[in-house]
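A.B. asks: My structure file work_22.cif, mmCIF, C-alpha atoms, is below:
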data_protein
loop_
_atom_site.label_atom_id
_atom_site.label_comp_id
_atom_site.auth_asym_id
_atom_site.auth_seq_id
_atom_site.Cartn_x
_atom_site.Cartn_y
_atom_site.Cartn_z
CA LYS A 1 50.72 62.03 49.58
CA THR A 2 49.57 58.98 47.59
CA ASP A 3 46.68 58.90 45.11
CA HIS A 4 44.15 56.27 46.17
CA PRO A 5 41.06 55.58 44.02
CA THR A 6 37.95 56.88 45.66
CA PHE A 7 34.78 54.76 45.75
CA SER A 8 31.28 55.95 46.28
CA LEU A 9 27.98 54.19 46.92
CA GLN A 10 26.79 55.11 43.45
CA ASP A 11 29.61 53.09 41.82
CA ASN A 12 28.56 49.80 43.51
CA ALA A 13 24.83 50.38 43.16
CA PRO A 14 23.05 48.60 40.24
CA ASN A 15 21.72 50.60 37.34
CA LEU A 16 18.21 51.16 38.61
CA PRO A 17 15.52 52.57 36.32
CA ALA A 18 14.76 56.18 36.94
CA THR A 19 11.00 55.97 36.36
CA MET A 20 8.17 53.40 35.94
CA ALA A 21 8.14 54.09 32.18
CA ASP A 22 11.67 52.70 31.96
CA VAL A 23 10.48 49.53 33.81
CA GLU A 24 7.71 48.96 31.23
CA VAL A 25 10.13 49.47 28.35
CA GLU A 26 12.48 46.84 29.81
CA GLN A 27 9.63 44.30 30.34
CA GLN A 28 8.30 44.55 26.77
CA PRO A 29 11.24 42.74 25.10
CA ILE A 30 10.94 39.89 27.64
CA GLU A 31 7.22 39.47 26.93
CA ASN A 32 7.84 39.52 23.15
CA GLU A 33 10.49 36.79 23.50
CA GLU A 34 8.06 34.60 25.49
CA GLU A 35 5.33 35.03 22.85
CA GLU A 36 7.78 34.08 20.08
CA ASP A 37 8.82 30.95 21.99
CA ILE A 38 5.16 29.90 22.44
CA GLU A 39 4.44 30.44 18.72
CA GLU A 40 7.50 28.39 17.73
CA GLU A 41 6.40 25.53 20.03
CA GLU A 42 2.87 25.57 18.53
CA GLU A 43 4.27 25.50 14.96
CA TYR A 44 6.55 22.59 15.89
CA GLU A 45 3.61 20.64 17.38
CA GLU A 46 1.52 21.26 14.23
CA GLU A 47 4.37 20.01 12.02
CA GLU A 48 4.63 16.86 14.16
CA GLU A 49 0.87 16.22 13.89
CA GLU A 50 0.97 16.70 10.09
CA TYR A 51 3.91 14.29 9.81
CA VAL A 52 2.17 11.58 11.84
CA ALA A 53 -1.12 11.95 9.95
CA ALA A 54 0.59 11.83 6.55
CA GLU A 55 2.09 8.33 6.80
CA PRO A 56 1.56 5.87 9.69
CA ALA A 57 4.66 3.89 10.55
CA ASN A 58 2.93 0.48 10.45
CA ALA A 59 1.19 0.85 7.04
CA VAL A 60 1.29 -2.42 5.08
CA LYS A 61 2.46 -1.92 1.51
CA LEU A 62 3.04 -4.58 -1.12
CA PHE A 63 6.79 -4.70 -1.93
CA GLY A 64 7.04 -1.57 0.26
CA LYS A 65 5.35 0.55 -2.45
CA TRP A 66 1.69 -0.23 -3.12
CA SER A 67 -0.91 0.46 -0.44
CA PHE A 68 -3.96 -1.76 0.16
CA ASP A 69 -5.98 0.98 1.92
CA ASP A 70 -7.72 2.50 -1.11
CA ILE A 71 -8.41 -0.78 -2.96
CA GLU A 72 -12.06 -1.11 -3.97
CA VAL A 73 -13.81 -4.28 -5.18
CA ARG A 74 -16.46 -2.85 -7.48
CA ASP A 75 -18.38 -6.13 -7.88
CA ILE A 76 -20.33 -6.81 -4.68
CA SER A 77 -20.59 -10.55 -5.41
CA LEU A 78 -16.78 -10.96 -5.45
CA GLU A 79 -15.95 -9.01 -2.27
CA ASP A 80 -15.67 -12.18 -0.17
CA TYR A 81 -13.42 -13.97 -2.69
CA ILE A 82 -10.87 -11.26 -3.62
CA ALA A 83 -8.67 -11.01 -0.52
CA CYS A 84 -6.96 -7.62 -0.62
CA LYS A 85 -7.93 -5.80 2.59
CA GLY A 86 -7.44 -5.94 6.34
CA PRO A 87 -5.62 -9.10 7.44
CA HIS A 88 -5.04 -10.06 3.79
CA ALA A 89 -2.74 -7.07 3.18
CA VAL A 90 0.85 -8.35 2.97
CA PHE A 91 4.31 -6.97 2.36
CA LEU A 92 5.26 -9.91 0.11
CA PRO A 93 3.01 -12.34 -1.82
CA HIS A 94 4.65 -15.35 -0.20
CA THR A 95 2.83 -16.31 3.02
CA ALA A 96 3.55 -20.07 2.86
CA GLY A 97 -0.03 -20.75 3.99
CA ARG A 98 -1.69 -24.15 3.58
CA TYR A 99 -4.66 -22.92 1.61
CA GLN A 100 -5.26 -26.22 -0.20
CA LYS A 101 -6.05 -28.24 2.95
CA LYS A 102 -9.73 -27.36 3.07
CA ARG A 103 -12.38 -26.42 0.54
CA PHE A 104 -12.80 -22.64 -0.03
CA ARG A 105 -9.81 -21.86 2.19
CA LYS A 106 -7.86 -20.46 -0.75
CA SER A 107 -10.38 -17.59 -0.91
CA SER A 108 -8.52 -16.13 2.11
CA CYS A 109 -5.19 -16.24 0.25
CA PRO A 110 -4.01 -12.72 -0.78
CA ILE A 111 -5.10 -12.13 -4.37
CA VAL A 112 -1.59 -11.17 -5.54
CA GLU A 113 -0.22 -14.42 -4.11
CA ARG A 114 -2.91 -16.38 -5.98
CA LEU A 115 -1.69 -14.79 -9.22
CA VAL A 116 1.88 -15.75 -8.30
CA CYS A 117 0.83 -19.37 -7.74
CA CYS A 118 -1.01 -19.44 -11.09
CA LEU A 119 2.23 -18.53 -12.86
CA MET A 120 4.04 -21.64 -11.54
CA ARG A 121 2.93 -23.76 -14.49
CA LYS A 122 3.74 -25.96 -16.31
CA GLY A 123 6.03 -28.71 -15.00
CA ARG A 124 9.33 -26.94 -15.61
CA ASN A 125 8.15 -23.99 -13.49
CA ASN A 126 6.78 -25.98 -10.55
CA GLY A 127 7.99 -24.67 -7.19
CA LYS A 128 9.79 -21.63 -8.60
CA LYS A 129 7.80 -19.19 -6.48
CA LEU A 130 10.55 -16.61 -6.03
CA MET A 131 10.84 -16.34 -9.80
CA ALA A 132 7.06 -15.87 -10.05
CA VAL A 133 7.16 -13.21 -7.29
CA ARG A 134 9.85 -11.32 -9.20
CA ILE A 135 7.79 -11.46 -12.41
CA VAL A 136 4.72 -10.08 -10.62
CA MET A 137 6.78 -7.32 -8.97
CA HIS A 138 8.12 -6.18 -12.36
CA CYS A 139 4.62 -6.47 -13.82
CA LEU A 140 3.16 -4.17 -11.16
CA GLU A 141 5.94 -1.63 -11.81
CA ILE A 142 5.10 -1.62 -15.55
CA ILE A 143 1.37 -1.21 -14.82
CA HIS A 144 2.07 1.76 -12.52
CA LEU A 145 4.30 3.47 -15.10
CA SER A 146 1.81 2.99 -17.94
CA THR A 147 -1.44 3.82 -16.08
CA ASP A 148 -0.24 5.97 -13.13
CA GLN A 149 -2.65 4.04 -10.87
CA ASN A 150 -2.29 1.65 -7.97
CA PRO A 151 -1.41 -1.62 -9.77
CA ILE A 152 -3.25 -3.71 -7.15
CA GLN A 153 -6.47 -1.90 -8.09
CA VAL A 154 -5.76 -2.59 -11.78
CA LEU A 155 -5.29 -6.31 -10.98
CA VAL A 156 -8.56 -6.46 -9.00
CA ASP A 157 -10.45 -4.76 -11.85
CA ALA A 158 -8.90 -7.16 -14.38
CA ILE A 159 -10.08 -10.18 -12.36
CA ILE A 160 -13.59 -8.73 -12.11
CA ASN A 161 -13.73 -8.05 -15.86
CA SER A 162 -12.28 -11.37 -17.05
CA GLY A 163 -14.33 -13.73 -14.86
CA PRO A 164 -17.15 -15.27 -16.94
CA ARG A 165 -20.68 -14.98 -15.54
CA GLU A 166 -22.08 -18.01 -17.39
CA ASP A 167 -20.89 -21.48 -18.35
CA SER A 168 -22.25 -24.66 -19.87
CA THR A 169 -22.50 -28.16 -18.39
CA ARG A 170 -23.28 -31.61 -19.76
CA VAL A 171 -26.82 -32.80 -19.13
CA GLY A 172 -28.07 -36.30 -19.97
CA GLY A 173 -26.73 -39.82 -19.72
CA ALA A 174 -25.84 -42.85 -21.79
CA GLY A 175 -25.98 -41.84 -25.45
CA VAL A 176 -27.87 -38.53 -25.49
CA VAL A 177 -25.78 -35.65 -24.12
CA ARG A 178 -26.58 -31.96 -24.50
CA ARG A 179 -25.10 -28.71 -23.13
CA GLN A 180 -27.08 -26.74 -20.59
CA ALA A 181 -26.32 -23.08 -19.75
CA VAL A 182 -25.70 -22.44 -16.05
CA ASP A 183 -24.72 -19.48 -13.89
CA MET A 184 -21.17 -19.46 -12.56
CA SER A 185 -20.51 -19.06 -8.84
CA PRO A 186 -18.48 -16.05 -7.66
CA PHE A 187 -15.66 -18.26 -6.35
CA ARG A 188 -15.30 -20.05 -9.68
CA ARG A 189 -15.38 -16.69 -11.48
CA VAL A 190 -12.28 -15.55 -9.55
CA ASN A 191 -10.53 -18.90 -10.07
CA TYR A 192 -11.27 -18.94 -13.79
CA ALA A 193 -10.23 -15.30 -14.24
CA LEU A 194 -6.82 -15.98 -12.67
CA TYR A 195 -6.43 -19.07 -14.86
CA LEU A 196 -7.27 -17.13 -18.04
CA ILE A 197 -4.89 -14.25 -17.21
CA ALA A 198 -1.95 -16.54 -16.38
CA THR A 199 -2.54 -18.86 -19.35
CA GLY A 200 -2.93 -15.98 -21.78
CA ALA A 201 0.30 -14.35 -20.58
CA ARG A 202 2.20 -17.65 -20.78
CA GLU A 203 1.09 -18.36 -24.33
CA ALA A 204 1.75 -14.78 -25.47
CA SER A 205 5.29 -14.72 -24.07
CA PHE A 206 6.25 -18.08 -25.62
CA ARG A 207 8.77 -17.56 -28.46
CA ASN A 208 8.44 -13.82 -28.07
CA LEU A 209 11.01 -11.10 -27.42
CA LYS A 210 8.78 -9.56 -24.76
CA THR A 211 9.43 -10.65 -21.18
CA MET A 212 6.84 -12.46 -19.10
CA ALA A 213 6.36 -9.35 -16.94
CA GLU A 214 5.60 -7.15 -19.96
CA VAL A 215 3.10 -9.61 -21.39
CA LEU A 216 1.44 -10.11 -18.00
CA ALA A 217 1.10 -6.32 -17.60
CA GLU A 218 -0.63 -6.16 -21.00
CA GLU A 219 -3.05 -8.90 -19.93
#
Would you encode the structure as structure tokens?
C.D. replies:
Amino acid sequence: KTDHPTFSLQDNAPNLPATMADVEVEQQPIENEEEEDIEEEEEYEEEEEEYVAAEPANAVKLFGKWSFDDIEVRDISLEDYIACKGPHAVFLPHTAGRYQKKRFRKSSCPIVERLVCCLMRKGRNNGKKLMAVRIVMHCLEIIHLSTDQNPIQVLVDAIINSGPREDSTRVGGAGVVRRQAVDMSPFRRVNYALYLIATGAREASFRNLKTMAEVLAEE
């Protein structure tokens, strides 16, 4: 007589719940897991939205650091002649544009590039634009460290403050000549302000231990 294992229907049958209460208990963990998954997905979507809103990928920043978005020209008469917004926002103040070909065209040149061009004086500095760009980049870094502001805004304010509102002209002919006070146009105010800033920095840095960038930041 051999011992064979005996099988019954109960051995092969699945473990079925005895009552409906057991069914509800088993369904609760599944529902909780689904709710947790939905909450995690919502949190992930919110994080993505916050990340996108914080910094757009195509934001134009000067030297990759300084944004043009919050720049404000506080003098309404100079808004059209200080190019620092919209299409005039650039990554580098070196656009190689032909702004001298037509009258008033240089008003559309980015204001930081105009400062760079003003530094390329006198004769021994002609054409050294990359050197001037480097000086301006260091100057903006110094301004940011000393003021904790956007250095482009500081430059715009400096141009507004240093542009003269009034000038004098020569009136009369032949022998009798006298000076007559006249108002200065907004375009000439911007031009003259850039000239004064660049000339003052050049003269202050001559035979001085301070670098050109440091002196320009002080101006």
A.B. asks: Using all atoms listed in the file, pick whichever of A:Lys129, A:Lys122, A:His138, A:Lys85 has the shortest atom-to-atom distance to Met212 (chain A).
C.D. replies: A:His138
A.B. asks: Evaluate the PyMOL selection byres ((chain A and resi 162-170) around 9) here and jot the selected residues down as an NGL selection string.
C.D. replies: :A and (157-161 or 171-173 or 177-186 or 188-194 or 196-197)
A.B. asks: Hey, which of A:Leu209, A:Ile82, A:Cys117, A:Leu62 ends up closest to Asn150 (chain A)? Count all atoms listed in the file.
C.D. replies: A:Leu62
A.B. asks: Nearest residue to Val215 (chain A) out of A:Arg202, A:Lys61, A:Arg98, A:His88, using only C-alpha atoms?
C.D. replies: A:Arg202
A.B. asks: For region 99-111 of chain A, list every protein, DNA or RNA residue within 8 Å, evaluated using all atoms listed in the file, and leave out those in the same chain fewer than 5 positions away; present the list as a PyMOL selection string.
C.D. replies: chain A and resi 80-84+88-90+93+187
